[in-house]
Amino acid sequence: MGLSNVVGDLSLEMEVDAFRRLFPLRFYERHLSESIRPDGRTLKSARDTSVALGAVASADGSALTKIGSTTMLAAAKMEVMTPSADAPDEGSIDCCFVAVEYYMPSICSPLVRPGRPAEIAPVISKQLYDTILSSGMIDLKELSLISGKAAWMVYLDIYCLDADGALFDAALLSAVAAFSHLRFPVVSLNDEGRLVMVPEEGNGDKSGKEVVNKEKRKLSLSSPPFSLTCALHKNYILADPTSEEEAVMETFVTVVLNSSGHLVSLYKPGGPVLTQTSVIQDCIALTRQRMKEVQEILDESISGMEID
Amino acid sequence: MEIDRIDGRSPNQLRPLACSRGILNRAHGSASWSQGFPRDTKVLAAVYGPKAGTKKNENPERACIEVIWKPKTGQSGKQEKEYEMILKRTLQSICILTINPNTTTSIIIQVVQDDGSLLPCAINAACAALVDAGIPLKHLAVSICCCLASSGYVILDPTKQEEEGMKAFAYLVFPNSIKLILPEGSSHAQGERMEDGIVTSVTHGAMSVEDYFHCLDRGRAATAKLSDFLRRNLQPQVLADGSKAG
Amino acid sequence: MAGKASATPATYSPSPATRKGKPTIYKDGDRDWVRPDGRGFQQCRPAFFRTGAVNAASGSAYAEIGNTQVIVSVFGPRESKKAMMYSDVGRLNCNVSCTTFSTPIRGQDFDQGSDHKEYSSMLHKALEGAIILESFPKTTVDVFALVLESGGSDLPVIISCASLALADAGIMMYDLVASVSMSSLGSDLVIDPISEEESYQDGSLIISCMPSRYEVTQLTITGEWSTNKINEAMQVCLDACGKLGKIMRSCLKEATSATSE
């Protein structure tokens with residue numbers, strides 16, 4: 001950028017920028033009437049999405065996902081627990097084998113400050129947990145190590161590193177990616193009745209202990225869920241809104257489908273636009289389309305990992 | 001195909017409803033809403049406001065709605081936070097927020113008894129309490145829980161016992177059916193009736209897309225009854241207020 | 001274990017938590033021990049910096065030095081908290097938190113919440129001297145750091161990364177702040193220690209300085225040090241800070257040349 005030609009451009013640029021800040025609604029409506037969004041997308045297209053597996057070395061499964069500039073880092077760690085007596089193989093409601101926590105540290109958005117946690121964080125935690133369980137993605141029986149005695153407990157922690165809209169979608173994608181990257185550590189029973197990790201190179205022969213989970217090294221993930229959030233404004237449907245769009249618009253529909261085509265969740269918390277049945281059908285159709293896209297991206301990164 | 005419900009109701013039949021308003025003295029508006037008899041789901045809602053906006057929720061252009069959910073026992077956790085968020089967003093969409101800018105209206109929900117369909121019951125209670133407090137609303141809203149059994153059978157307004165072992169739920173909020181005071185056709189924007197709209201939808205459990213729309217239809221059909229009840233319940237006091245004013 | 005039938009199940013990590021049987025990584029008197037990652041005693045880990053990691057922030061930076069990974073976001077200058085009194089100079093507000101997976105065992109440092117109070121105040125002191133606070137009166141600059149993975153020498157990495165994030169946000173500073181630490185292990189001094197080395201250290205020295213002005217903004221020494229040792233350690237650290245400063249500077253230059261193209 002040369003200094004001389006900047007001045008002219010700047011005044012023009014400033015005006016648009018000022019208009020955008022002062023009259024965000026009008027700014028958007030002007031764009032919507034031309035069927036384009038300020039970032040150059042069409043109304044129904046999502047932002048560029050990427051998945052990088054194994055981002056956290058200390059975790060048993062991890063993934064870094066990006067949707068536009070919304071960034072999520074998910075890491076799953078395995079611990080051993082004693083299952084409850086009444087459901088020795090799959091855990092019960094109050095002590096399940098999976099725990100999901102979603103964090104919004106203050107680095108992710110100017111709206112979150114230390115000591116004043118984001119209101120939305122526990123809500124997204126709960127939604128993620130419900131979605132992951134009811135999608136049937138994880139067969140809880142696979143987490144059993146020694147029936148009735150020991151089972152894996154998966155702690156999934158998701159950190160939002162950059163919040164730019166569609167937080168739930170990005171968090172769910174990172175959760176699914178982290179689960180597909182998850183490998184169980186090889187463990188054996190020690191003398192005190194506790195399970196300990198077997199060093200990879202030792203194969204457990206040195207100590208003479210039998211490896212408990214020789215075959216079960218990963219989750220089979222039968223029907224992973226994928227989601228798409230759409231913002232509704234008047235008669236427009238905008239897929240994958242940015243945080244700026246989320247601030248301007250007030251009605252959102254989040255559709256979660258699993259890969260076998262079932263509706264896992266249809267979440268529309270209020271909003272001034274009353275959704276007609278046809279709009280819901282449109283949103284579901286958009287999610288179907290998006291699911292294919294995302295699944296391809298995920299498969300690509302998984303196959304990339306297996307070559308290494 | 002028929003499922004016998006434990007309390008002998010037909011699949012579409014709601015439990016008996018009861019609502020009383022103005023039950024709390026200190027609150028600006030209050031209501032208790034219960035579904036079922038003698039075992040019921042009962043929720044108490046109190047509205048405080050509009051009061052001067054607190055620093056946290058200050059907004060010079062619109063009113064702020066704040067929802068506090070008090071569980072029957074214990075501390076509020078993630079589940080309660082989720083309920084608060086759903087209620088807040090739902091109530092925000094039916095209130096006319098531009099009338100009292102820079103104010104906060106607090107709605108406190110106290111669960112008295114939970115026997116299934118808790119969230120819809122709370123939404124109905126909050127709606128009645130808002131009317132009791134005289135908060136300007138765009139329209140009323142009625143909420144219902146639809147339950148989907150694994151056989152694909154839908155029942156409405158389930159009890160706690162029925163909720164267990166169900167495949168999926170949908171908590172739905174619909175706008176109250178409007179009695180037209182406007183000239184014919186003016187509310188038919190773009191040929192779609194307002195009654196066909198959905199204010200809030202929250203689902204749990206996996207179901208097919210067709211099943212969801214089935215739930216939607218069944219829920220919508222039942223709302224007429226709920227709306228009637230809500231309207232009847234609100235009417236006498238409105239009339240009394242009117243005569244006082246006149 | 002079995003007796004505890006509470007709602008939250010008691011779990012444990014299968015990784016061998018205690019290093020009881022393992023010998024210490026160095027032997028006193030043996031001058032030829034090798035560091036766990038094979039570095040020389042006065043050799044730093046390779047450093048990688050990148051600015052603009054978080055779009056939502058006014059400025060941000062990501063640092064990866066060995067296994068230590070840190071993200072720092074800077075917000076502001078923005079309105080101070082309402083409770084704050086009027087002030088002629090700007091305020092600096094720092095906060096450091098850690099992820100649950102930053103340590104090998106989940107949530108090890110999580111007892112008192114994820115905020116790291118000690119690091120937060122140290123970061124504040126290290127940066128305060130370098131920022132021209134007069135340039136943004138009445139307002140606050142927030143510096144928030146998140147430790148993604150803790151691999152040793154966390155605080156120095158946070159400090160260096162934070163100064164880069166401040167520069168990315170366009171906050172006026174006298175100079176970048178580069179920070180390096182040193183551990184004393186028996187009679188030896190090792191620079192830029194990893195977690196394992198830190199767990200055996202007898203003392204540590206952290207120095208934060210502005211390399212081009214050759215001024216120290218913070219010096220922290222813990223443990224027992226002889227004057228000679230301190231002098232030696234400081235000289236080595238200051239040299240390392242100079243080198244680190246160059247890497248940080250080149251990172252900033254790259255970022256600006258990339259945007260102007």
# chains A, B, ... in the order shown; residues from 1 in each chain; ligands from 1
>>> closest_atom_pairs(of="chain C", to="chain B", cutoff="12 Å", atoms="only C-alpha atoms", output="tab-separated table")
residue	atom	partner	partner_atom	distance
C:Lys81	CA	B:Lys55	CA	10.5
C:Lys82	CA	B:Lys55	CA	8.7
C:Ala83	CA	B:Lys55	CA	10.9
>>> select_by_dssp(residues="stretch 159-191 of chain C", states="strand (DSSP E)", output="PyMOL selection string")
chain C and resi 178-185+188-191
>>> select_by_dssp(residues="stretch 107-171 of chain B", states="alpha helix (DSSP H)", output="list of chain:residue names")
B:Leu118, B:Leu119, B:Pro120, B:Cys121, B:Ala122, B:Ile123, B:Asn124, B:Ala125, B:Ala126, B:Cys127, B:Ala128, B:Ala129, B:Leu130, B:Val131, B:Asp132, B:Lys160, B:Gln161, B:Glu162, B:Glu163
>>> write_last_selection(atoms="C-alpha atoms", output="PDB file, in the first residue's frame")
ATOM      1  CA  LEU B 118     -41.468 -29.033  32.677  1.00  0.00           C
ATOM      2  CA  LEU B 119     -40.136 -26.534  30.156  1.00  0.00           C
ATOM      3  CA  PRO B 120     -43.448 -26.037  28.311  1.00  0.00           C
ATOM      4  CA  CYS B 121     -45.195 -25.582  31.638  1.00  0.00           C
ATOM      5  CA  ALA B 122     -42.684 -22.905  32.614  1.00  0.00           C
ATOM      6  CA  ILE B 123     -43.093 -21.093  29.312  1.00  0.00           C
ATOM      7  CA  ASN B 124     -46.859 -21.032  29.743  1.00  0.00           C
ATOM      8  CA  ALA B 125     -46.489 -19.780  33.311  1.00  0.00           C
ATOM      9  CA  ALA B 126     -44.054 -17.043  32.263  1.00  0.00           C
ATOM     10  CA  CYS B 127     -46.397 -15.925  29.523  1.00  0.00           C
ATOM     11  CA  ALA B 128     -49.320 -15.630  31.947  1.00  0.00           C
ATOM     12  CA  ALA B 129     -47.128 -13.765  34.434  1.00  0.00           C
ATOM     13  CA  LEU B 130     -46.018 -11.275  31.765  1.00  0.00           C
ATOM     14  CA  VAL B 131     -49.661 -10.526  31.001  1.00  0.00           C
ATOM     15  CA  ASP B 132     -50.353 -10.160  34.703  1.00  0.00           C
ATOM     16  CA  LYS B 160     -42.552 -37.966  33.974  1.00  0.00           C
ATOM     17  CA  GLN B 161     -43.253 -41.660  33.873  1.00  0.00           C
ATOM     18  CA  GLU B 162     -44.141 -41.475  30.206  1.00  0.00           C
ATOM     19  CA  GLU B 163     -41.090 -39.366  29.399  1.00  0.00           C
TER      20      GLU B 163
END
>>> residues_around(residues="A:Cys108", least_positions_apart="5", cutoff="8 Å", atoms="only C-alpha atoms", output="number ranges by chain")
A: 160-163; C: 54, 56-57, 73
>>> write_last_selection(atoms="C-alpha atoms", output="PDB file, in the first residue's frame")
ATOM      1  CA  CYS A 160     -13.147 -21.762  21.555  1.00  0.00           C
ATOM      2  CA  LEU A 161     -10.026 -19.912  20.412  1.00  0.00           C
ATOM      3  CA  ASP A 162     -11.721 -17.446  18.107  1.00  0.00           C
ATOM      4  CA  ALA A 163     -15.449 -16.732  18.190  1.00  0.00           C
TER       5      ALA A 163
ATOM      6  CA  VAL C  54      -7.426 -14.542  16.642  1.00  0.00           C
ATOM      7  CA  ALA C  56     -11.988 -11.278  17.051  1.00  0.00           C
ATOM      8  CA  ALA C  57      -9.184  -9.531  18.955  1.00  0.00           C
ATOM      9  CA  SER C  73      -5.201 -11.893  22.526  1.00  0.00           C
TER      10      SER C  73
END
>>> residues_around(residues="B:Lys81", least_positions_apart="3", cutoff="9 Å", atoms="only C-alpha atoms", output="list in words")
Glu119, Ile120, Pro122, Val123 and Lys126 of chain A; Ile68, Trp69, Ser76, Gly77, Lys78, Glu84, Met85 and Ile86 of chain B
>>> closest_atom_pairs(of="chain C", to="chain A", cutoff="6 Å", atoms="only C-alpha atoms", output="CSV")
residue,atom,partner,partner_atom,distance
C:Thr11,CA,A:Met81,CA,4.5
C:Tyr12,CA,A:Glu79,CA,5.3
C:Ser13,CA,A:Glu79,CA,4.5
C:Pro14,CA,A:Val196,CA,4.5
C:Ser15,CA,A:Met197,CA,5.2
C:Val54,CA,A:Asp162,CA,5.4
C:Ala56,CA,A:Ser109,CA,5.5
C:Ser73,CA,A:Ile107,CA,5.1
C:Pro104,CA,A:Ser58,CA,5.7
C:Phe144,CA,A:Ile107,CA,5.5
C:Ser260,CA,A:Met1,CA,5.2
>>> interface_residues(of="chain B", to="chain A", cutoff="8 Å", atoms="only C-alpha atoms", output="ChimeraX atom specification")
/B:78-79,81-82,85-87,89-94,192,194,196-209,212
>>> write_last_selection(atoms="N, CA and C atoms", output="PDB file, in the first residue's frame")
ATOM      1  N   LYS B  78     -26.092 -26.868  34.481  1.00  0.00           N
ATOM      2  CA  LYS B  78     -26.147 -26.610  33.039  1.00  0.00           C
ATOM      3  C   LYS B  78     -27.558 -26.706  32.493  1.00  0.00           C
ATOM      4  N   GLN B  79     -28.313 -27.705  32.994  1.00  0.00           N
ATOM      5  CA  GLN B  79     -29.678 -27.889  32.517  1.00  0.00           C
ATOM      6  C   GLN B  79     -30.495 -26.626  32.739  1.00  0.00           C
ATOM      7  N   LYS B  81     -29.339 -23.604  33.142  1.00  0.00           N
ATOM      8  CA  LYS B  81     -28.810 -22.537  32.280  1.00  0.00           C
ATOM      9  C   LYS B  81     -29.413 -22.646  30.877  1.00  0.00           C
ATOM     10  N   GLU B  82     -29.546 -23.876  30.402  1.00  0.00           N
ATOM     11  CA  GLU B  82     -30.114 -24.070  29.071  1.00  0.00           C
ATOM     12  C   GLU B  82     -31.574 -23.620  29.052  1.00  0.00           C
ATOM     13  N   MET B  85     -31.813 -19.907  28.962  1.00  0.00           N
ATOM     14  CA  MET B  85     -31.525 -19.342  27.640  1.00  0.00           C
ATOM     15  C   MET B  85     -32.728 -19.499  26.704  1.00  0.00           C
ATOM     16  N   ILE B  86     -33.350 -20.676  26.724  1.00  0.00           N
ATOM     17  CA  ILE B  86     -34.493 -20.912  25.845  1.00  0.00           C
ATOM     18  C   ILE B  86     -35.644 -19.985  26.215  1.00  0.00           C
ATOM     19  N   LEU B  87     -35.904 -19.900  27.522  1.00  0.00           N
ATOM     20  CA  LEU B  87     -36.998 -19.039  27.989  1.00  0.00           C
ATOM     21  C   LEU B  87     -36.737 -17.582  27.628  1.00  0.00           C
ATOM     22  N   ARG B  89     -34.865 -16.286  25.238  1.00  0.00           N
ATOM     23  CA  ARG B  89     -34.994 -16.012  23.808  1.00  0.00           C
ATOM     24  C   ARG B  89     -36.459 -16.068  23.380  1.00  0.00           C
ATOM     25  N   THR B  90     -37.211 -17.004  23.968  1.00  0.00           N
ATOM     26  CA  THR B  90     -38.621 -17.134  23.604  1.00  0.00           C
ATOM     27  C   THR B  90     -39.402 -15.902  24.038  1.00  0.00           C
ATOM     28  N   LEU B  91     -39.175 -15.474  25.287  1.00  0.00           N
ATOM     29  CA  LEU B  91     -39.924 -14.331  25.794  1.00  0.00           C
ATOM     30  C   LEU B  91     -39.508 -13.049  25.083  1.00  0.00           C
ATOM     31  N   GLN B  92     -38.225 -12.957  24.738  1.00  0.00           N
ATOM     32  CA  GLN B  92     -37.762 -11.793  23.991  1.00  0.00           C
ATOM     33  C   GLN B  92     -38.523 -11.648  22.686  1.00  0.00           C
ATOM     34  N   SER B  93     -38.866 -12.774  22.088  1.00  0.00           N
ATOM     35  CA  SER B  93     -39.500 -12.688  20.788  1.00  0.00           C
ATOM     36  C   SER B  93     -40.984 -12.344  20.877  1.00  0.00           C
ATOM     37  N   ILE B  94     -41.608 -12.507  22.040  1.00  0.00           N
ATOM     38  CA  ILE B  94     -43.021 -12.121  22.124  1.00  0.00           C
ATOM     39  C   ILE B  94     -43.221 -10.758  22.779  1.00  0.00           C
ATOM     40  N   GLU B 192     -49.079 -16.634   4.327  1.00  0.00           N
ATOM     41  CA  GLU B 192     -48.847 -17.598   5.387  1.00  0.00           C
ATOM     42  C   GLU B 192     -49.498 -17.095   6.652  1.00  0.00           C
ATOM     43  N   MET B 194     -50.189 -16.638  10.560  1.00  0.00           N
ATOM     44  CA  MET B 194     -49.327 -16.532  11.724  1.00  0.00           C
ATOM     45  C   MET B 194     -49.379 -17.811  12.577  1.00  0.00           C
ATOM     46  N   ASP B 196     -49.314 -20.662  11.669  1.00  0.00           N
ATOM     47  CA  ASP B 196     -48.451 -21.721  11.162  1.00  0.00           C
ATOM     48  C   ASP B 196     -47.008 -21.566  11.620  1.00  0.00           C
ATOM     49  N   GLY B 197     -46.724 -20.436  12.225  1.00  0.00           N
ATOM     50  CA  GLY B 197     -45.345 -20.170  12.625  1.00  0.00           C
ATOM     51  C   GLY B 197     -44.948 -20.944  13.863  1.00  0.00           C
ATOM     52  N   ILE B 198     -43.650 -21.066  14.061  1.00  0.00           N
ATOM     53  CA  ILE B 198     -43.138 -21.702  15.265  1.00  0.00           C
ATOM     54  C   ILE B 198     -42.240 -20.697  15.958  1.00  0.00           C
ATOM     55  N   VAL B 199     -42.479 -20.482  17.233  1.00  0.00           N
ATOM     56  CA  VAL B 199     -41.639 -19.540  17.960  1.00  0.00           C
ATOM     57  C   VAL B 199     -40.359 -20.245  18.404  1.00  0.00           C
ATOM     58  N   THR B 200     -40.527 -21.378  19.051  1.00  0.00           N
ATOM     59  CA  THR B 200     -39.380 -22.095  19.590  1.00  0.00           C
ATOM     60  C   THR B 200     -39.519 -23.578  19.325  1.00  0.00           C
ATOM     61  N   SER B 201     -38.411 -24.206  19.020  1.00  0.00           N
ATOM     62  CA  SER B 201     -38.401 -25.654  18.879  1.00  0.00           C
ATOM     63  C   SER B 201     -37.125 -26.183  19.510  1.00  0.00           C
ATOM     64  N   VAL B 202     -37.273 -27.111  20.433  1.00  0.00           N
ATOM     65  CA  VAL B 202     -36.111 -27.747  21.052  1.00  0.00           C
ATOM     66  C   VAL B 202     -36.387 -29.239  21.049  1.00  0.00           C
ATOM     67  N   THR B 203     -35.458 -30.012  20.532  1.00  0.00           N
ATOM     68  CA  THR B 203     -35.705 -31.453  20.490  1.00  0.00           C
ATOM     69  C   THR B 203     -34.597 -32.204  21.216  1.00  0.00           C
ATOM     70  N   HIS B 204     -34.949 -33.381  21.671  1.00  0.00           N
ATOM     71  CA  HIS B 204     -33.983 -34.291  22.290  1.00  0.00           C
ATOM     72  C   HIS B 204     -34.165 -35.650  21.668  1.00  0.00           C
ATOM     73  N   GLY B 205     -33.087 -36.317  21.378  1.00  0.00           N
ATOM     74  CA  GLY B 205     -33.175 -37.657  20.829  1.00  0.00           C
ATOM     75  C   GLY B 205     -33.308 -37.631  19.319  1.00  0.00           C
ATOM     76  N   ALA B 206     -32.862 -38.715  18.691  1.00  0.00           N
ATOM     77  CA  ALA B 206     -32.889 -38.780  17.226  1.00  0.00           C
ATOM     78  C   ALA B 206     -34.250 -39.245  16.734  1.00  0.00           C
ATOM     79  N   MET B 207     -34.715 -38.619  15.682  1.00  0.00           N
ATOM     80  CA  MET B 207     -35.978 -39.037  15.055  1.00  0.00           C
ATOM     81  C   MET B 207     -35.879 -38.753  13.565  1.00  0.00           C
ATOM     82  N   SER B 208     -36.772 -39.343  12.804  1.00  0.00           N
ATOM     83  CA  SER B 208     -36.725 -39.048  11.377  1.00  0.00           C
ATOM     84  C   SER B 208     -37.364 -37.689  11.147  1.00  0.00           C
ATOM     85  N   VAL B 209     -37.037 -37.089  10.009  1.00  0.00           N
ATOM     86  CA  VAL B 209     -37.541 -35.761   9.704  1.00  0.00           C
ATOM     87  C   VAL B 209     -39.078 -35.786   9.622  1.00  0.00           C
ATOM     88  N   TYR B 212     -40.647 -35.615  12.940  1.00  0.00           N
ATOM     89  CA  TYR B 212     -40.623 -34.282  13.516  1.00  0.00           C
ATOM     90  C   TYR B 212     -41.806 -33.468  13.014  1.00  0.00           C
TER      91      TYR B 212
END
>>> closest_residue(among="A:Ser180, A:Ser303, A:Ser222, A:Thr42", to="A:Tyr236", atoms="only C-alpha atoms")
A:Thr42
>>> closest_residue(among="A:Asp17, A:Glu34, A:Asp60, A:Asp169", to="A:Pro241", atoms="only C-alpha atoms")
A:Asp169
>>> atom_distance(atom1="atom CA of A:Arg47", atom2="atom CA of A:Arg288")
15.8 Å
>>> closest_residue(among="B:Gly152, B:Pro158, B:Pro60, B:Pro11", to="B:Ser117", atoms="only C-alpha atoms")
B:Pro158
>>> closest_residue(among="B:Leu24, B:Ala63, B:Cys215, B:Leu97", to="B:Ala46", atoms="only C-alpha atoms")
B:Leu24
